[in-house]
$ cat structure07.cif   # mmCIF, C-alpha atoms
data_input
#
loop_
_atom_site.group_PDB
_atom_site.id
_atom_site.type_symbol
_atom_site.label_atom_id
_atom_site.label_comp_id
_atom_site.auth_asym_id
_atom_site.auth_seq_id
_atom_site.Cartn_x
_atom_site.Cartn_y
_atom_site.Cartn_z
ATOM 1 C CA MET A 1 112.904 107.984 143.540
ATOM 2 C CA THR A 2 112.141 104.379 144.486
ATOM 3 C CA ILE A 3 112.606 101.868 141.684
ATOM 4 C CA HIS A 4 111.400 98.324 142.296
ATOM 5 C CA TYR A 5 113.431 95.361 141.113
ATOM 6 C CA ARG A 6 111.142 92.381 140.678
ATOM 7 C CA THR A 7 111.973 88.754 141.333
ATOM 8 C CA ALA A 8 111.452 86.152 138.610
ATOM 9 C CA GLU A 9 108.284 85.074 140.417
ATOM 10 C CA GLU A 10 106.954 88.633 140.474
ATOM 11 C CA ILE A 11 107.714 89.082 136.777
ATOM 12 C CA GLU A 12 105.637 85.989 136.027
ATOM 13 C CA LYS A 13 102.739 87.509 137.955
ATOM 14 C CA ILE A 14 103.086 90.723 135.952
ATOM 15 C CA ARG A 15 103.181 88.597 132.794
ATOM 16 C CA ALA A 16 99.934 86.876 133.856
ATOM 17 C CA ALA A 17 98.200 90.259 134.112
ATOM 18 C CA ASN A 18 99.625 91.254 130.752
ATOM 19 C CA ARG A 19 98.371 88.073 129.106
ATOM 20 C CA ILE A 20 94.864 89.243 129.940
ATOM 21 C CA VAL A 21 95.695 92.699 128.567
ATOM 22 C CA ALA A 22 96.924 91.166 125.307
ATOM 23 C CA ALA A 23 93.861 88.915 125.014
ATOM 24 C CA ALA A 24 91.582 91.913 125.500
ATOM 25 C CA LEU A 25 93.436 93.918 122.857
ATOM 26 C CA ASP A 26 93.310 90.995 120.438
ATOM 27 C CA ARG A 27 89.553 90.712 120.938
ATOM 28 C CA LEU A 28 88.982 94.441 120.544
ATOM 29 C CA GLU A 29 91.008 94.516 117.337
ATOM 30 C CA GLU A 30 88.807 91.723 115.969
ATOM 31 C CA ILE A 31 85.553 93.576 116.604
ATOM 32 C CA VAL A 32 86.559 97.139 115.702
ATOM 33 C CA LYS A 33 84.455 98.063 112.669
ATOM 34 C CA PRO A 34 82.439 100.981 111.337
ATOM 35 C CA GLY A 35 79.314 101.550 113.422
ATOM 36 C CA ILE A 36 80.492 100.056 116.693
ATOM 37 C CA THR A 37 80.502 102.488 119.604
ATOM 38 C CA THR A 38 83.418 103.031 121.934
ATOM 39 C CA VAL A 39 81.284 102.079 124.937
ATOM 40 C CA GLU A 40 80.523 98.739 123.275
ATOM 41 C CA LEU A 41 84.259 98.163 123.022
ATOM 42 C CA ASP A 42 84.608 99.097 126.685
ATOM 43 C CA ARG A 43 81.958 96.581 127.742
ATOM 44 C CA GLU A 44 83.607 93.834 125.709
ATOM 45 C CA ALA A 45 86.993 94.578 127.252
ATOM 46 C CA GLU A 46 85.668 94.573 130.808
ATOM 47 C CA ALA A 47 83.743 91.328 130.337
ATOM 48 C CA LEU A 48 86.779 89.535 128.913
ATOM 49 C CA ILE A 49 89.100 90.835 131.635
ATOM 50 C CA ARG A 50 86.767 89.655 134.389
ATOM 51 C CA ASP A 51 86.121 86.306 132.681
ATOM 52 C CA MET A 52 89.882 85.708 132.674
ATOM 53 C CA GLY A 53 90.187 86.429 136.394
ATOM 54 C CA GLY A 54 91.477 89.972 136.193
ATOM 55 C CA ARG A 55 90.224 93.366 137.287
ATOM 56 C CA PRO A 56 90.128 96.333 134.878
ATOM 57 C CA SER A 57 92.669 98.542 136.623
ATOM 58 C CA PHE A 58 91.758 101.766 134.817
ATOM 59 C CA LYS A 59 88.175 101.668 136.102
ATOM 60 C CA GLY A 60 88.004 103.931 139.127
ATOM 61 C CA TYR A 61 91.678 104.893 138.903
ATOM 62 C CA ARG A 62 91.797 108.555 139.916
ATOM 63 C CA GLY A 63 88.094 108.643 139.043
ATOM 64 C CA PHE A 64 88.329 107.294 135.489
ATOM 65 C CA PRO A 65 84.903 105.792 134.747
ATOM 66 C CA ASN A 66 85.686 102.949 132.343
ATOM 67 C CA ALA A 67 87.782 99.840 131.799
ATOM 68 C CA LEU A 68 89.152 100.989 128.442
ATOM 69 C CA CYS A 69 90.867 104.188 127.327
ATOM 70 C CA VAL A 70 90.140 105.097 123.716
ATOM 71 C CA ALA A 71 91.673 107.664 121.378
ATOM 72 C CA VAL A 72 90.009 108.326 118.013
ATOM 73 C CA ASN A 73 91.866 110.138 115.220
ATOM 74 C CA ASP A 74 93.287 113.355 116.751
ATOM 75 C CA GLN A 75 92.823 112.068 120.289
ATOM 76 C CA VAL A 76 96.160 111.038 121.808
ATOM 77 C CA VAL A 77 95.277 109.132 124.997
ATOM 78 C CA HIS A 78 92.774 108.742 127.856
ATOM 79 C CA GLY A 79 89.540 109.199 125.922
ATOM 80 C CA ILE A 80 86.393 108.121 127.782
ATOM 81 C CA PRO A 81 84.270 105.519 125.961
ATOM 82 C CA GLY A 82 80.778 106.684 125.055
ATOM 83 C CA LYS A 83 78.086 106.641 122.395
ATOM 84 C CA GLN A 84 80.443 107.746 119.625
ATOM 85 C CA ALA A 85 80.166 105.342 116.682
ATOM 86 C CA LEU A 86 83.338 104.649 114.746
ATOM 87 C CA LYS A 87 83.425 105.533 111.062
ATOM 88 C CA ALA A 88 85.247 103.883 108.178
ATOM 89 C CA GLY A 89 88.642 105.529 107.815
ATOM 90 C CA ASP A 90 89.028 106.340 111.514
ATOM 91 C CA ILE A 91 91.910 105.075 113.591
ATOM 92 C CA ILE A 92 91.425 104.221 117.253
ATOM 93 C CA GLY A 93 93.913 103.809 120.080
ATOM 94 C CA LEU A 94 92.952 101.061 122.535
ATOM 95 C CA ASP A 95 94.646 101.154 125.946
ATOM 96 C CA VAL A 96 93.994 98.364 128.463
ATOM 97 C CA GLY A 97 95.125 97.926 132.069
ATOM 98 C CA VAL A 98 94.613 94.829 134.224
ATOM 99 C CA GLU A 99 95.278 93.916 137.839
ATOM 100 C CA LYS A 100 95.556 90.234 138.753
ATOM 101 C CA GLU A 101 96.566 88.989 142.185
ATOM 102 C CA GLY A 102 98.122 92.332 143.108
ATOM 103 C CA TYR A 103 100.188 92.839 139.942
ATOM 104 C CA TYR A 104 99.496 94.997 136.915
ATOM 105 C CA GLY A 105 99.659 94.821 133.142
ATOM 106 C CA ASP A 106 99.357 97.679 130.650
ATOM 107 C CA ALA A 107 99.525 97.817 126.864
ATOM 108 C CA ALA A 108 98.021 99.714 123.949
ATOM 109 C CA ARG A 109 97.770 99.603 120.202
ATOM 110 C CA THR A 110 96.217 101.771 117.493
ATOM 111 C CA VAL A 111 94.143 100.070 114.799
ATOM 112 C CA PRO A 112 92.294 101.126 111.651
ATOM 113 C CA VAL A 113 88.519 101.161 111.384
ATOM 114 C CA GLY A 114 87.875 99.507 108.042
ATOM 115 C CA GLU A 115 89.864 100.931 105.151
ATOM 116 C CA THR A 116 91.872 103.979 106.148
ATOM 117 C CA SER A 117 94.347 106.336 104.486
ATOM 118 C CA GLN A 118 97.928 105.504 103.636
ATOM 119 C CA GLU A 119 98.910 108.483 105.772
ATOM 120 C CA ALA A 120 97.240 106.910 108.806
ATOM 121 C CA ILE A 121 98.703 103.478 108.057
ATOM 122 C CA LYS A 122 102.211 104.921 107.873
ATOM 123 C CA LEU A 123 101.716 106.768 111.161
ATOM 124 C CA MET A 124 100.672 103.551 112.894
ATOM 125 C CA GLU A 125 103.573 101.622 111.372
ATOM 126 C CA VAL A 126 106.165 104.213 112.394
ATOM 127 C CA THR A 127 104.771 104.432 115.926
ATOM 128 C CA MET A 128 104.905 100.637 116.360
ATOM 129 C CA GLU A 129 108.418 100.565 114.893
ATOM 130 C CA SER A 130 109.530 103.274 117.320
ATOM 131 C CA LEU A 131 108.249 101.188 120.227
ATOM 132 C CA MET A 132 110.231 98.177 119.036
ATOM 133 C CA LYS A 133 113.369 100.281 118.533
ATOM 134 C CA GLY A 134 113.009 101.524 122.095
ATOM 135 C CA ILE A 135 112.584 97.980 123.403
ATOM 136 C CA ALA A 136 115.691 96.920 121.465
ATOM 137 C CA GLU A 137 117.753 99.294 123.628
ATOM 138 C CA ILE A 138 116.793 97.502 126.849
ATOM 139 C CA ARG A 139 119.629 95.639 128.540
ATOM 140 C CA PRO A 140 121.175 95.726 132.010
ATOM 141 C CA GLY A 141 123.602 98.638 132.203
ATOM 142 C CA ALA A 142 121.864 100.795 129.603
ATOM 143 C CA ARG A 143 120.092 104.007 130.551
ATOM 144 C CA VAL A 144 116.414 104.901 130.422
ATOM 145 C CA SER A 145 117.125 107.682 127.943
ATOM 146 C CA ASP A 146 118.656 105.180 125.506
ATOM 147 C CA ILE A 147 115.075 103.960 125.036
ATOM 148 C CA SER A 148 113.825 107.535 124.764
ATOM 149 C CA HIS A 149 116.405 108.543 122.169
ATOM 150 C CA ALA A 150 115.735 105.512 119.968
ATOM 151 C CA ILE A 151 112.011 106.283 119.914
ATOM 152 C CA GLN A 152 112.439 109.985 119.173
ATOM 153 C CA SER A 153 115.065 109.425 116.488
ATOM 154 C CA HIS A 154 112.898 106.985 114.565
ATOM 155 C CA VAL A 155 109.776 109.121 114.826
ATOM 156 C CA GLU A 156 111.472 112.330 113.757
ATOM 157 C CA SER A 157 113.270 110.621 110.872
ATOM 158 C CA HIS A 158 109.803 110.204 109.332
ATOM 159 C CA GLY A 159 108.812 113.821 109.935
ATOM 160 C CA TYR A 160 106.488 113.107 112.869
ATOM 161 C CA SER A 161 106.502 114.431 116.448
ATOM 162 C CA VAL A 162 106.605 112.619 119.780
ATOM 163 C CA VAL A 163 104.283 113.841 122.498
ATOM 164 C CA THR A 164 106.373 115.223 125.353
ATOM 165 C CA ALA A 165 103.587 115.974 127.856
ATOM 166 C CA TYR A 166 102.975 112.270 128.641
ATOM 167 C CA VAL A 167 105.516 109.529 129.215
ATOM 168 C CA GLY A 168 105.913 105.832 129.925
ATOM 169 C CA HIS A 169 106.520 104.492 133.408
ATOM 170 C CA GLY A 170 107.462 101.626 135.637
ATOM 171 C CA ILE A 171 104.792 99.049 136.417
ATOM 172 C CA GLY A 172 104.458 96.158 138.849
ATOM 173 C CA SER A 173 102.507 96.128 142.103
ATOM 174 C CA SER A 174 101.142 99.568 141.193
ATOM 175 C CA PRO A 175 99.892 100.717 137.787
ATOM 176 C CA HIS A 176 102.364 103.612 137.679
ATOM 177 C CA GLU A 177 105.785 103.379 139.301
ATOM 178 C CA GLU A 178 109.195 104.926 138.893
ATOM 179 C CA PRO A 179 111.033 105.531 136.673
ATOM 180 C CA GLN A 180 109.365 107.720 134.124
ATOM 181 C CA VAL A 181 110.232 106.699 130.553
ATOM 182 C CA PRO A 182 110.045 109.703 128.210
ATOM 183 C CA ASN A 183 109.764 109.208 124.452
ATOM 184 C CA PHE A 184 112.406 111.861 123.830
ATOM 185 C CA GLY A 185 115.861 112.782 125.055
ATOM 186 C CA ARG A 186 119.592 112.334 124.639
ATOM 187 C CA LYS A 187 121.283 108.986 125.137
ATOM 188 C CA GLY A 188 123.109 108.042 128.324
ATOM 189 C CA ARG A 189 120.860 109.788 130.819
ATOM 190 C CA GLY A 190 118.401 108.785 133.497
ATOM 191 C CA PRO A 191 118.393 105.711 135.736
ATOM 192 C CA ILE A 192 120.527 102.711 134.864
ATOM 193 C CA LEU A 193 118.522 99.713 133.687
ATOM 194 C CA ARG A 194 118.945 96.728 135.981
ATOM 195 C CA GLU A 195 117.549 93.220 135.991
ATOM 196 C CA GLY A 196 114.088 93.093 137.530
ATOM 197 C CA MET A 197 112.902 96.518 136.397
ATOM 198 C CA VAL A 198 109.578 96.429 134.533
ATOM 199 C CA LEU A 199 108.724 99.318 132.237
ATOM 200 C CA ALA A 200 105.616 100.343 130.337
ATOM 201 C CA ILE A 201 107.028 101.915 127.189
ATOM 202 C CA GLU A 202 104.473 103.887 125.198
ATOM 203 C CA PRO A 203 105.312 106.217 122.325
ATOM 204 C CA MET A 204 102.549 108.673 121.423
ATOM 205 C CA VAL A 205 103.210 110.076 117.970
ATOM 206 C CA ASN A 206 101.550 112.922 116.057
ATOM 207 C CA ILE A 207 101.626 113.591 112.335
ATOM 208 C CA GLY A 208 101.743 117.298 113.179
ATOM 209 C CA GLY A 209 103.319 119.108 116.096
ATOM 210 C CA PRO A 210 103.934 117.672 119.574
ATOM 211 C CA ASP A 211 101.575 119.972 121.484
ATOM 212 C CA VAL A 212 98.456 118.515 123.074
ATOM 213 C CA THR A 213 95.334 119.877 124.766
ATOM 214 C CA LEU A 214 93.410 118.414 127.693
ATOM 215 C CA MET A 215 89.673 118.502 127.001
ATOM 216 C CA LYS A 216 86.946 119.707 129.370
ATOM 217 C CA ASP A 217 86.162 116.179 130.557
ATOM 218 C CA GLY A 218 89.494 116.274 132.393
ATOM 219 C CA TRP A 219 90.749 113.110 130.686
ATOM 220 C CA THR A 220 90.749 113.175 126.896
ATOM 221 C CA VAL A 221 93.974 114.468 125.369
ATOM 222 C CA ARG A 222 93.954 115.711 121.761
ATOM 223 C CA THR A 223 96.567 117.101 119.419
ATOM 224 C CA SER A 224 96.481 120.894 119.574
ATOM 225 C CA ASP A 225 96.675 121.200 115.781
ATOM 226 C CA GLY A 226 94.044 118.544 115.037
ATOM 227 C CA SER A 227 96.511 116.157 113.431
ATOM 228 C CA LEU A 228 96.245 112.372 113.671
ATOM 229 C CA SER A 229 97.916 110.614 116.591
ATOM 230 C CA ALA A 230 98.889 106.982 117.272
ATOM 231 C CA HIS A 231 99.804 105.181 120.503
ATOM 232 C CA PHE A 232 101.467 101.804 121.063
ATOM 233 C CA GLU A 233 102.577 100.348 124.389
ATOM 234 C CA HIS A 234 104.155 97.213 125.832
ATOM 235 C CA SER A 235 105.091 96.201 129.366
ATOM 236 C CA VAL A 236 108.698 94.972 129.284
ATOM 237 C CA ALA A 237 110.916 93.380 131.918
ATOM 238 C CA VAL A 238 114.650 94.022 132.012
ATOM 239 C CA VAL A 239 116.329 90.611 132.027
ATOM 240 C CA ARG A 240 119.860 89.361 131.487
ATOM 241 C CA GLY A 241 119.345 88.927 127.751
ATOM 242 C CA GLY A 242 117.694 92.305 127.156
ATOM 243 C CA GLY A 243 113.987 93.164 127.166
ATOM 244 C CA ASP A 244 111.332 90.521 127.821
ATOM 245 C CA VAL A 245 108.025 91.747 126.338
ATOM 246 C CA LEU A 246 105.320 90.633 128.764
ATOM 247 C CA SER A 247 102.283 91.921 126.853
ATOM 248 C CA VAL A 248 102.599 89.955 123.627
ATOM 249 C CA GLY A 249 99.321 88.685 122.181
ATOM 250 C CA SER A 250 98.608 86.313 119.343
ATOM 251 C CA LYS A 251 98.002 89.228 116.972
ATOM 252 C CA ASN A 252 101.431 90.776 117.429
ATOM 253 C CA VAL A 253 103.786 87.840 117.916
ATOM 254 C CA LYS A 254 104.724 88.001 114.242
ATOM 255 C CA LYS A 255 105.403 91.742 114.450
ATOM 256 C CA LEU A 256 107.793 91.183 117.348
ATOM 257 C CA SER A 257 109.762 88.385 115.666
#

$ encode --input "structure07.cif" --output "structure tokens"
Amino acid sequence: MTIHYRTAEEIEKIRAANRIVAAALDRLEEIVKPGITTVELDREAEALIRDMGGRPSFKGYRGFPNALCVAVNDQVVHGIPGKQALKAGDIIGLDVGVEKEGYYGDAARTVPVGETSQEAIKLMEVTMESLMKGIAEIRPGARVSDISHAIQSHVESHGYSVVTAYVGHGIGSSPHEEPQVPNFGRKGRGPILREGMVLAIEPMVNIGGPDVTLMKDGWTVRTSDGSLSAHFEHSVAVVRGGGDVLSVGSKNVKKLS
């Protein structure tokens, strides 16, 4: 396993890519509404990313056809944008990746489409909270599984399940690097966190069971029991003072404070 430890200059380059990610997510959250199609969201994301000097890193990655990954209702991750029109009451996961000057950013959030159920709102809130509890565990000398345990404990305390088939990851000069960052596990295990590591932490949380199914398109992942799922993600650098969230946008600064 090769883990990269980034210099301060490299972290700033990763932050620059993540600023574009955050701007794209902010814009998408503004325009999500009943009737809009997921491919319209994809086009908006790609245009903004390119206008800001970035490249949509998901597009073409292992054959993925679009700039944006979407996940509607019982979809967990990696949905392909298309002609599907969003309906009032839906929830949609928006996952954006950007490459800028050889460095990568990656973040995701799940948002409501118009008015949605209290059940869905609670799921989104708990998933976002679990992400922040995981980030709170980041400090030099801690272990990767300290993040994992904090996420799982919070999720399960609300009666939900974490997806175990997909995990977070390192990020930097490649979109996916070591180490893997599971959303489950016991404390005190896995690689030691050291200054310069950059991690994409991304809890995927289901109202029902943890099992998921890969659809025939080879990309879209759904909950096996048809239950709602939410996904939040930040790219975070390990620094002397703890975790430096690189993918903060104007819409979520307040949530992080």

$ resolve_selection --input "structure07.cif" --expression "the PyMOL selection byres ((chain A and resi 23-31) around 8)" --output "number ranges by chain"
A: 19-22, 32-33, 41, 44-45, 48-49, 94-96, 108-109, 111, 249-251

$ residues_near_point --input "structure07.cif" --point "(118.1, 95.0, 125.5)" --cutoff "10 Å" --atoms "all atoms listed in the file" --output "list in words"
Lys133, Gly134, Ile135, Ala136, Glu137, Ile138, Arg139, Pro140, Gly141, Ala142, Ile147, Leu193, Ala237, Val238, Val239, Arg240, Gly241, Gly242, Gly243 and Asp244 of chain A

$ write_last_selection --input "structure07.cif" --atoms "C-alpha atoms" --output "mmCIF file, in the frame of the given file"
data_model
loop_
_atom_site.group_PDB
_atom_site.id
_atom_site.type_symbol
_atom_site.label_atom_id
_atom_site.label_comp_id
_atom_site.auth_asym_id
_atom_site.auth_seq_id
_atom_site.Cartn_x
_atom_site.Cartn_y
_atom_site.Cartn_z
ATOM 1 C CA LYS A 133 113.369 100.281 118.533
ATOM 2 C CA GLY A 134 113.009 101.524 122.095
ATOM 3 C CA ILE A 135 112.584 97.980 123.403
ATOM 4 C CA ALA A 136 115.691 96.920 121.465
ATOM 5 C CA GLU A 137 117.753 99.294 123.628
ATOM 6 C CA ILE A 138 116.793 97.502 126.849
ATOM 7 C CA ARG A 139 119.629 95.639 128.540
ATOM 8 C CA PRO A 140 121.175 95.726 132.010
ATOM 9 C CA GLY A 141 123.602 98.638 132.203
ATOM 10 C CA ALA A 142 121.864 100.795 129.603
ATOM 11 C CA ILE A 147 115.075 103.960 125.036
ATOM 12 C CA LEU A 193 118.522 99.713 133.687
ATOM 13 C CA ALA A 237 110.916 93.380 131.918
ATOM 14 C CA VAL A 238 114.650 94.022 132.012
ATOM 15 C CA VAL A 239 116.329 90.611 132.027
ATOM 16 C CA ARG A 240 119.860 89.361 131.487
ATOM 17 C CA GLY A 241 119.345 88.927 127.751
ATOM 18 C CA GLY A 242 117.694 92.305 127.156
ATOM 19 C CA GLY A 243 113.987 93.164 127.166
ATOM 20 C CA ASP A 244 111.332 90.521 127.821
#

$ residues_around --input "structure07.cif" --residues "Lys13 in chain A" --least-positions-apart "3" --cutoff "9 Å" --atoms "all atoms listed in the file" --output "PyMOL selection string"
chain A and resi 8-10+16-18+100-104+172

$ atom_distance --input "structure07.cif" --atom1 "CA of Ser148 in chain A" --atom2 "CA of Arg186 in chain A"
7.5 Å

$ atom_distance --input "structure07.cif" --atom1 "CA of Met124 in chain A" --atom2 "CA of Arg55 in chain A"
28.4 Å

$ axis_aligned_box --input "structure07.cif" --around "range 215-234 of chain A" --padding-each-side "4 Å" --output "AutoDock Vina command-line options"
--center_x 95.2 --center_y 109.2 --center_z 122.9 --size_x 26.0 --size_y 32.0 --size_z 27.0

$ residues_around --input "structure07.cif" --residues "His169 in chain A" --least-positions-apart "6" --cutoff "10 Å" --atoms "all atoms listed in the file" --output "PyMOL selection string"
chain A and resi 175-182+198-202+235

$ atom_distance --input "structure07.cif" --atom1 "CA of Asp217 in chain A" --atom2 "CA of His78 in chain A"
10.3 Å
